[in-house]
>>> print(open('final.txt').read())   # compact mmCIF, C-alpha atoms
# COMPACT_ATOMS: atom_id res chain seq x y z
CA MET T 1 5.91 -138.95 -95.68
CA GLU T 2 6.01 -142.46 -94.21
CA LEU T 3 5.59 -143.83 -97.71
CA VAL T 4 8.66 -142.17 -99.24
CA MET T 5 10.98 -145.13 -98.77
CA PRO T 6 8.64 -147.99 -99.69
CA VAL T 7 7.37 -146.13 -102.79
CA PHE T 8 10.91 -145.25 -103.86
CA ALA T 9 12.03 -148.86 -103.52
CA CYS T 10 8.92 -150.17 -105.31
CA VAL T 11 9.32 -147.79 -108.25
CA ILE T 12 12.90 -148.93 -108.73
CA VAL T 13 12.06 -152.64 -108.56
CA LEU T 14 9.07 -152.19 -110.90
CA PHE T 15 11.16 -150.25 -113.39
CA GLY T 16 13.73 -153.04 -113.23
CA LEU T 17 11.02 -155.63 -113.96
CA ILE T 18 9.71 -153.60 -116.92
CA ARG T 19 13.21 -153.37 -118.35
CA ARG T 20 13.58 -157.15 -117.82
CA VAL T 21 16.45 -156.86 -115.38
CA ARG T 22 17.13 -159.94 -113.25
CA VAL T 23 16.25 -157.90 -110.19
CA LEU T 24 17.26 -160.26 -107.40
CA ASP T 25 20.61 -161.11 -109.01
CA VAL T 26 21.38 -157.44 -109.51
CA PHE T 27 20.21 -156.68 -105.98
CA MET T 28 22.66 -159.21 -104.62
CA THR T 29 25.56 -157.76 -106.62
CA GLY T 30 24.74 -154.34 -105.22
CA ALA T 31 24.26 -155.65 -101.70
CA LYS T 32 27.68 -157.25 -101.87
CA GLU T 33 29.16 -153.87 -102.76
CA GLY T 34 27.31 -152.37 -99.79
CA ILE T 35 28.78 -154.94 -97.39
CA ARG T 36 32.23 -154.32 -98.84
CA THR T 37 31.87 -150.55 -98.31
CA LEU T 38 30.85 -151.17 -94.72
CA TYR T 39 33.82 -153.49 -94.25
CA ASN T 40 36.08 -150.70 -95.51
CA ILE T 41 34.68 -147.98 -93.27
CA ALA T 42 34.21 -150.15 -90.14
CA PRO T 43 37.73 -149.60 -88.71
CA THR T 44 37.37 -145.81 -89.12
CA ILE T 45 34.04 -145.85 -87.36
CA ILE T 46 35.29 -148.05 -84.52
CA GLY T 47 38.34 -145.80 -84.04
CA LEU T 48 36.34 -142.60 -84.09
CA MET T 49 33.55 -143.91 -81.87
CA PHE T 50 36.24 -144.91 -79.37
CA ALA T 51 37.59 -141.35 -79.39
CA VAL T 52 34.10 -139.90 -79.10
CA SER T 53 33.12 -142.09 -76.17
CA LEU T 54 36.35 -141.05 -74.40
CA LEU T 55 35.48 -137.44 -75.11
CA LYS T 56 32.01 -137.87 -73.63
CA SER T 57 32.89 -139.91 -70.55
CA SER T 58 35.90 -137.81 -69.57
CA GLY T 59 33.69 -134.74 -69.33
CA ALA T 60 35.72 -133.02 -72.05
CA VAL T 61 32.63 -132.69 -74.23
CA ASP T 62 30.83 -130.77 -71.48
CA VAL T 63 33.80 -128.40 -71.21
CA ILE T 64 33.87 -127.84 -74.98
CA CYS T 65 30.09 -127.45 -75.15
CA SER T 66 30.03 -124.89 -72.34
CA LEU T 67 32.70 -122.92 -74.21
CA ILE T 68 30.85 -123.04 -77.53
CA ALA T 69 27.30 -122.93 -76.15
CA PRO T 70 26.96 -119.11 -76.02
CA ALA T 71 27.99 -118.76 -79.68
CA ALA T 72 25.91 -121.79 -80.69
CA GLN T 73 22.90 -120.43 -78.83
CA LYS T 74 23.15 -117.15 -80.69
CA LEU T 75 22.93 -119.01 -84.00
CA GLY T 76 20.12 -121.11 -82.54
CA PHE T 77 22.27 -124.18 -82.79
CA PRO T 78 22.03 -127.16 -80.39
CA PRO T 79 25.44 -127.62 -78.68
CA GLU T 80 25.12 -131.45 -78.82
CA ILE T 81 25.85 -131.50 -82.52
CA VAL T 82 28.92 -129.24 -82.46
CA PRO T 83 31.34 -132.23 -82.61
CA MET T 84 29.50 -133.64 -85.63
CA ALA T 85 29.42 -130.28 -87.41
CA MET T 86 33.18 -129.95 -86.89
CA LEU T 87 33.99 -133.41 -88.23
CA ARG T 88 31.56 -133.32 -91.16
CA PRO T 89 33.85 -131.68 -93.79
CA VAL T 90 36.72 -134.02 -92.89
CA SER T 91 35.30 -137.52 -92.48
CA GLY T 92 32.04 -138.96 -93.80
CA SER T 93 32.03 -142.13 -91.72
CA GLY T 94 33.13 -140.16 -88.66
CA ALA T 95 30.19 -137.81 -89.11
CA THR T 96 27.85 -140.80 -89.48
CA ALA T 97 29.18 -142.22 -86.21
CA LEU T 98 28.57 -138.89 -84.47
CA LEU T 99 25.12 -138.59 -86.03
CA LEU T 100 24.20 -141.94 -84.52
CA SER T 101 25.60 -140.92 -81.15
CA VAL T 102 23.32 -137.83 -81.24
CA PHE T 103 20.41 -140.19 -82.06
CA THR T 104 21.33 -142.40 -79.06
CA ASP T 105 21.77 -139.50 -76.63
CA CYS T 106 18.92 -137.18 -77.66
CA GLY T 107 16.68 -139.27 -79.94
CA PRO T 108 16.16 -138.74 -83.68
CA ASP T 109 13.00 -136.66 -83.15
CA SER T 110 14.57 -134.23 -80.66
CA PHE T 111 15.65 -130.74 -81.75
CA ALA T 112 19.32 -131.82 -81.80
CA GLY T 113 18.44 -135.07 -83.60
CA ARG T 114 16.52 -133.24 -86.31
CA VAL T 115 19.16 -130.57 -86.86
CA ALA T 116 21.85 -133.28 -87.00
CA SER T 117 19.76 -135.18 -89.58
CA VAL T 118 19.26 -132.12 -91.78
CA LEU T 119 22.94 -131.23 -91.54
CA ALA T 120 23.96 -134.79 -92.44
CA GLY T 121 21.60 -134.74 -95.42
CA SER T 122 22.68 -131.39 -96.78
CA SER T 123 26.46 -131.38 -96.46
CA GLU T 124 29.31 -133.50 -97.76
CA THR T 125 32.87 -134.40 -96.80
CA THR T 126 34.32 -131.32 -98.48
CA PHE T 127 38.04 -131.86 -97.80
CA TYR T 128 37.95 -135.51 -98.74
CA ALA T 129 36.09 -134.96 -102.03
CA THR T 130 38.29 -132.02 -103.03
CA ALA T 131 41.51 -133.87 -102.24
CA MET T 132 40.35 -137.00 -104.07
CA TYR T 133 39.15 -135.31 -107.26
CA PHE T 134 41.97 -132.81 -107.64
CA GLY T 135 44.60 -135.30 -106.45
CA SER T 136 43.52 -137.76 -109.16
CA VAL T 137 44.62 -135.38 -111.93
CA ASN T 138 47.57 -133.77 -110.08
CA ILE T 139 46.03 -130.35 -109.63
CA LYS T 140 48.09 -128.30 -107.18
CA ASN T 141 46.38 -124.93 -107.47
CA THR T 142 42.68 -125.39 -106.69
CA ARG T 143 42.01 -121.61 -106.93
CA HIS T 144 38.71 -120.70 -105.26
CA THR T 145 37.32 -124.24 -104.87
CA LEU T 146 37.74 -124.51 -101.11
CA PRO T 147 36.36 -121.06 -100.23
CA ALA T 148 33.25 -121.81 -102.34
CA ALA T 149 32.82 -125.31 -100.87
CA LEU T 150 33.34 -124.19 -97.28
CA ALA T 151 30.89 -121.33 -97.75
CA ALA T 152 28.37 -124.01 -98.76
CA ASP T 153 29.12 -126.04 -95.62
CA PHE T 154 28.67 -122.99 -93.44
CA THR T 155 25.37 -122.18 -95.18
CA ALA T 156 24.17 -125.75 -94.56
CA LEU T 157 25.13 -125.43 -90.90
CA VAL T 158 23.22 -122.20 -90.31
CA MET T 159 20.27 -123.25 -92.47
CA SER T 160 19.89 -126.68 -90.82
CA ALA T 161 19.01 -125.10 -87.46
CA ALA T 162 16.91 -122.41 -89.14
CA THR T 163 14.83 -124.79 -91.28
CA VAL T 164 14.22 -127.21 -88.40
CA LYS T 165 12.95 -124.31 -86.29
CA MET T 166 10.78 -123.10 -89.14
CA PHE T 167 9.23 -126.52 -89.79
CA PHE T 168 8.83 -128.02 -86.35
CA TYR T 169 8.74 -125.31 -83.69
CA MET N 170 44.60 -134.64 -90.84
CA LEU N 171 42.40 -137.25 -89.18
CA ASN N 172 45.49 -138.64 -87.43
CA TYR N 173 45.95 -135.38 -85.54
CA ILE N 174 42.25 -134.95 -84.79
CA TRP N 175 42.01 -138.48 -83.45
CA SER N 176 45.09 -138.38 -81.25
CA GLY N 177 44.12 -134.88 -80.10
CA ILE N 178 40.73 -136.15 -78.96
CA VAL N 179 42.22 -139.13 -77.11
CA LEU N 180 44.87 -137.03 -75.34
CA LEU N 181 42.41 -134.25 -74.47
CA SER N 182 40.00 -136.79 -72.99
CA VAL N 183 42.62 -138.41 -70.78
CA VAL N 184 43.87 -135.03 -69.53
CA CYS N 185 40.31 -133.86 -68.92
CA SER N 186 39.33 -136.99 -67.02
CA ILE N 187 42.32 -136.53 -64.70
CA PHE N 188 41.41 -132.91 -63.97
CA LEU N 189 37.69 -133.56 -63.63
CA GLY N 190 38.12 -136.81 -61.68
CA ASN N 191 36.24 -138.92 -64.23
CA GLY N 192 38.87 -141.66 -64.47
CA GLU N 193 36.46 -144.43 -63.58
CA LYS N 194 33.91 -143.43 -66.21
CA LEU N 195 36.69 -143.23 -68.75
CA SER N 196 37.87 -146.79 -68.07
CA ALA N 197 34.29 -148.01 -68.38
CA ALA N 198 33.96 -146.20 -71.70
CA ILE N 199 37.13 -147.80 -73.06
CA VAL N 200 35.69 -151.23 -72.37
CA ASP N 201 32.15 -150.49 -73.58
CA SER N 202 32.77 -148.45 -76.72
CA GLY N 203 33.92 -151.40 -78.83
CA ALA N 204 30.80 -153.46 -78.18
CA GLN N 205 28.50 -150.47 -78.68
CA THR N 206 30.15 -149.61 -81.97
CA ILE N 207 29.74 -153.16 -83.26
CA GLN N 208 26.02 -152.86 -82.53
CA LEU N 209 25.95 -149.58 -84.43
CA LEU N 210 27.79 -151.19 -87.35
CA LEU N 211 25.20 -153.95 -87.49
CA THR N 212 22.45 -151.35 -87.90
CA LEU N 213 24.51 -149.59 -90.53
CA ALA N 214 25.28 -152.91 -92.27
CA GLY N 215 21.60 -153.74 -92.71
CA VAL N 216 20.74 -150.32 -94.09
CA MET N 217 23.73 -150.03 -96.41
CA THR N 218 23.45 -153.52 -97.83
CA LEU N 219 19.75 -153.15 -98.58
CA TRP N 220 19.98 -149.76 -100.30
CA SER N 221 23.13 -150.61 -102.23
CA GLY N 222 21.23 -153.58 -103.61
CA ILE N 223 18.13 -151.62 -104.56
CA MET N 224 20.08 -148.77 -106.10
CA LYS N 225 22.05 -151.26 -108.18
CA ILE N 226 18.72 -152.18 -109.79
CA ALA N 227 18.13 -148.48 -110.57
CA GLN N 228 21.48 -148.38 -112.29
CA GLU N 229 21.25 -151.65 -114.25
CA SER N 230 17.70 -150.97 -115.45
CA GLY N 231 18.77 -147.69 -117.03
CA LEU N 232 16.80 -145.52 -114.59
CA THR N 233 19.94 -143.51 -113.85
CA ALA N 234 20.57 -142.97 -117.56
CA LEU N 235 16.96 -141.80 -117.97
CA PHE N 236 17.41 -139.27 -115.18
CA ALA N 237 20.69 -138.12 -116.70
CA LYS N 238 18.98 -137.35 -120.02
CA PHE N 239 16.50 -135.20 -118.12
CA PHE N 240 19.13 -133.29 -116.13
CA SER N 241 21.56 -132.69 -118.96
CA PRO N 242 19.87 -129.48 -120.31
CA LEU N 243 19.62 -128.12 -116.74
CA LEU N 244 23.32 -128.69 -116.10
CA HIS N 245 24.72 -127.36 -119.36
CA PRO N 246 24.50 -123.62 -118.46
CA LEU N 247 26.99 -124.34 -115.64
CA PHE N 248 29.54 -125.66 -118.14
CA PRO N 249 29.06 -123.33 -121.11
CA ARG N 250 32.45 -124.10 -122.67
CA LEU N 251 31.82 -127.86 -122.88
CA ASP N 252 30.23 -129.49 -125.90
CA LYS N 253 26.89 -131.09 -125.01
CA ASP N 254 27.94 -134.37 -126.63
CA SER N 255 31.47 -134.41 -125.24
CA ASP N 256 32.63 -137.29 -123.03
CA ALA N 257 33.51 -134.85 -120.28
CA PHE N 258 30.00 -133.40 -120.11
CA GLY N 259 28.51 -136.92 -120.33
CA SER N 260 30.55 -138.09 -117.35
CA ILE N 261 29.65 -134.96 -115.41
CA THR N 262 25.92 -135.48 -116.00
CA MET N 263 26.12 -139.15 -115.01
CA ASN N 264 28.09 -138.30 -111.87
CA ILE N 265 25.61 -135.63 -110.75
CA THR N 266 22.67 -137.93 -111.50
CA ALA N 267 24.25 -140.77 -109.52
CA ASN N 268 24.72 -138.36 -106.61
CA LEU N 269 21.10 -137.22 -106.86
CA LEU N 270 19.93 -140.81 -106.61
CA GLY N 271 22.30 -141.53 -103.74
CA LEU N 272 24.56 -143.90 -105.70
CA GLY N 273 27.79 -142.97 -103.94
CA ASN N 274 29.69 -146.04 -105.16
CA THR N 275 28.82 -145.29 -108.78
CA ALA N 276 29.27 -141.53 -108.61
CA THR N 277 32.93 -141.57 -107.58
CA PRO N 278 34.41 -143.48 -110.56
CA LEU N 279 32.31 -141.36 -112.96
CA GLY N 280 33.56 -138.23 -111.25
CA LEU N 281 37.18 -139.35 -111.55
CA LYS N 282 36.59 -140.05 -115.24
CA ALA N 283 35.10 -136.57 -115.69
CA MET N 284 38.16 -135.05 -114.01
CA ARG N 285 40.50 -136.95 -116.34
CA GLU N 286 38.62 -135.66 -119.39
CA LEU N 287 38.59 -132.10 -118.04
CA SER N 288 42.32 -132.38 -117.35
CA VAL N 289 42.98 -133.29 -121.01
CA MET N 290 41.02 -130.23 -122.12
CA ASN N 291 43.02 -128.20 -119.63
CA GLY N 292 46.32 -129.37 -121.16
CA HIS N 293 47.19 -131.40 -118.03
CA SER N 294 47.91 -128.15 -116.23
CA ASP N 295 48.36 -128.25 -112.44
CA THR N 296 45.96 -125.33 -112.04
CA ALA N 297 42.24 -126.11 -111.84
CA SER N 298 40.10 -125.04 -114.82
CA ASP N 299 36.79 -123.19 -114.37
CA GLU N 300 34.84 -126.36 -115.21
CA MET N 301 36.77 -128.41 -112.65
CA ILE N 302 35.99 -125.90 -109.93
CA VAL N 303 32.26 -125.90 -110.67
CA PHE N 304 32.22 -129.69 -110.90
CA VAL N 305 34.15 -130.35 -107.67
CA VAL N 306 32.11 -127.74 -105.79
CA MET N 307 28.94 -129.55 -106.89
CA ASN N 308 30.40 -132.77 -105.52
CA THR N 309 31.22 -131.20 -102.16
CA ALA N 310 27.62 -130.06 -101.77
CA SER N 311 25.16 -132.79 -100.98
CA LEU N 312 22.60 -133.38 -103.72
CA GLN N 313 20.27 -136.19 -102.87
CA LEU N 314 16.61 -136.45 -103.79
CA ILE N 315 15.73 -139.21 -101.33
CA PRO N 316 18.24 -139.59 -98.48
CA THR N 317 17.46 -143.28 -98.00
CA MET N 318 20.34 -144.02 -95.64
CA LEU N 319 19.48 -141.09 -93.41
CA GLY N 320 15.81 -142.06 -93.33
CA SER N 321 16.57 -145.70 -92.56
CA LEU N 322 18.95 -144.78 -89.76
CA ARG N 323 16.41 -142.39 -88.24
CA GLN N 324 13.83 -145.14 -88.38
CA SER N 325 16.08 -147.73 -86.77
CA TYR N 326 16.81 -145.30 -83.93
CA GLY N 327 13.09 -145.03 -83.19
CA SER N 328 11.96 -141.96 -85.12
CA ASN N 329 8.17 -141.59 -85.37
CA SER N 330 8.44 -140.03 -88.77
CA PRO N 331 11.83 -140.74 -90.36
CA PHE N 332 11.21 -138.58 -93.42
CA GLU N 333 9.80 -135.52 -91.69
CA ILE N 334 13.20 -133.91 -92.35
CA LEU N 335 12.97 -134.35 -96.13
CA ILE N 336 11.82 -130.85 -97.07
CA PRO N 337 14.21 -129.10 -94.65
CA VAL N 338 17.02 -131.20 -96.16
CA TRP N 339 16.03 -130.10 -99.68
CA ILE N 340 15.84 -126.43 -98.70
CA CYS N 341 19.15 -126.63 -96.88
CA SER N 342 20.94 -128.42 -99.74
CA ALA N 343 19.51 -125.98 -102.30
CA CYS N 344 20.74 -122.99 -100.27
CA ALA N 345 24.19 -124.49 -99.76
CA LEU N 346 24.51 -125.40 -103.43
CA SER N 347 23.38 -121.96 -104.62
CA VAL N 348 25.92 -120.27 -102.36
CA ALA N 349 28.70 -122.57 -103.62
CA LEU N 350 27.78 -122.12 -107.30
CA THR N 351 27.35 -118.36 -107.00
CA ILE N 352 30.83 -118.02 -105.53
CA ALA N 353 32.42 -120.51 -107.95
CA VAL N 354 30.80 -119.13 -111.13
CA GLY N 355 31.15 -115.53 -109.95
CA LEU N 356 34.88 -115.84 -109.31
CA ASN N 357 35.35 -117.74 -112.58
CA LYS N 358 33.77 -114.82 -114.47
CA ARG N 359 35.86 -112.25 -112.64
CA LYS N 360 39.06 -114.03 -113.63
CA ARG N 361 38.02 -114.18 -117.27
CA ARG N 362 37.42 -110.44 -117.36
CA LEU N 363 40.86 -109.65 -115.90
>>> encode(input="final.txt", output="structure tokens")
Amino acid sequence: MELVMPVFACVIVLFGLIRRVRVLDVFMTGAKEGIRTLYNIAPTIIGLMFAVSLLKSSGAVDVICSLIAPAAQKLGFPPEIVPMAMLRPVSGSGATALLLSVFTDCGPDSFAGRVASVLAGSSETTFYATAMYFGSVNIKNTRHTLPAALAADFTALVMSAATVKMFFY
Amino acid sequence: MLNYIWSGIVLLSVVCSIFLGNGEKLSAAIVDSGAQTIQLLLTLAGVMTLWSGIMKIAQESGLTALFAKFFSPLLHPLFPRLDKDSDAFGSITMNITANLLGLGNTATPLGLKAMRELSVMNGHSDTASDEMIVFVVMNTASLQLIPTMLGSLRQSYGSNSPFEILIPVWICSACALSVALTIAVGLNKRKRRL
């Protein structure tokens, strides 16, 4: 499993060489796009991380967690990732910020860190994607799109804790 | 919506810190959070820049197009009313393939193009067509073969095995996607029968 990333990157570069792509030039074009994306999402992340650190240091997060903990425990869900799970359908960069704060607090290989990783990898920013795609062609009546998409998010939430338990504990 | 969430969090925190007597910690957090976030952004910057660059090679070399050709027959049953050679179906396949490879920046414009073409077929109606629902639902579920960003971030935060979560991620995504598609396609069929 350690080789997934290096092999993936190598296959892509090799394929580029075979197809006679100027790999480094293309890489730099893409990298520039990556930096630009980061530049665009940086203010959101700074703003949300500010709010999250207030939430943590004020003790509000402990209050919320103690309220949600019994329900979360029943689903076998670590309370530390409740804020991330709640923000996930609304904001992608916000969820990334919260994912990293779970990594800092609990470590990426902890139960909470693993569940947060699986959840981040298997869900999307539902509201944002729906609003963007339907908004672009002036659709007002989205019929059963949101119920179907939110059912998927809920499935990902429950399954993330379940699969991590199945695989690691 | 984010405006309300954000201000709600800030207000709640201040009220909480007053009641719980954590005012001092809160002031410290206000000062520290900016610097900590910049550090986090630097990690994110390295990871995003690198993978955007590599995935651009996948796109320019035609690897994405090759994948799309492979996925097209698998996707067609979900859009039975679309012609296999139509522009709309072509854009849909390319969008889904780009998502599978983790090419977020490429997937979005292709998806918007697909929506425009579906809207023409739908007579520019303001009610979503069956195809639009299936397509958007697929875009709100996460489909990624190799979550490179996630793996890199886990690694940079000291994971011993950054990709140990790969198979759970696949299982979880597959379950979420099946639930979404079952509901979307099922309700589409019910409407047609009415």
>>> residues_around(input="final.txt", residues="T:Ile45", least_positions_apart="4", cutoff="10 Å", atoms="only C-alpha atoms", output="number ranges by chain")
T: 38, 40-41, 49-51, 91-98; N: 206-207, 209-210
>>> atom_distance(input="final.txt", atom1="atom CA of T:Arg20", atom2="atom CA of N:Gln228")
13.0 Å
>>> closest_residue(input="final.txt", among="N:Val184, N:Leu272, N:Ala349, N:Ala204", to="N:Thr309", atoms="all atoms listed in the file")
N:Ala349
>>> interface_residues(input="final.txt", of="chain N", to="chain T", cutoff="6 Å", atoms="only C-alpha atoms", output="JSON, numbers by chain")
{"N": [179, 182, 185, 186, 191, 194, 195, 202, 206, 217, 218, 221, 222, 223, 225, 226, 227, 230, 295, 296, 297, 302, 306, 309, 310, 311, 323, 328, 332, 337, 338, 341, 342, 345, 348, 349, 352, 353]}
>>> axis_aligned_box(input="final.txt", around="stretch 67-77 of chain T", padding_each_side="5 Å", output="JSON")
{"center_x": 26.4, "center_y": -120.7, "center_z": -79.1, "size_x": 22.6, "size_y": 17.0, "size_z": 19.8}
>>> atom_distance(input="final.txt", atom1="atom CA of N:Ala276", atom2="atom CA of N:Asn264")
4.7 Å
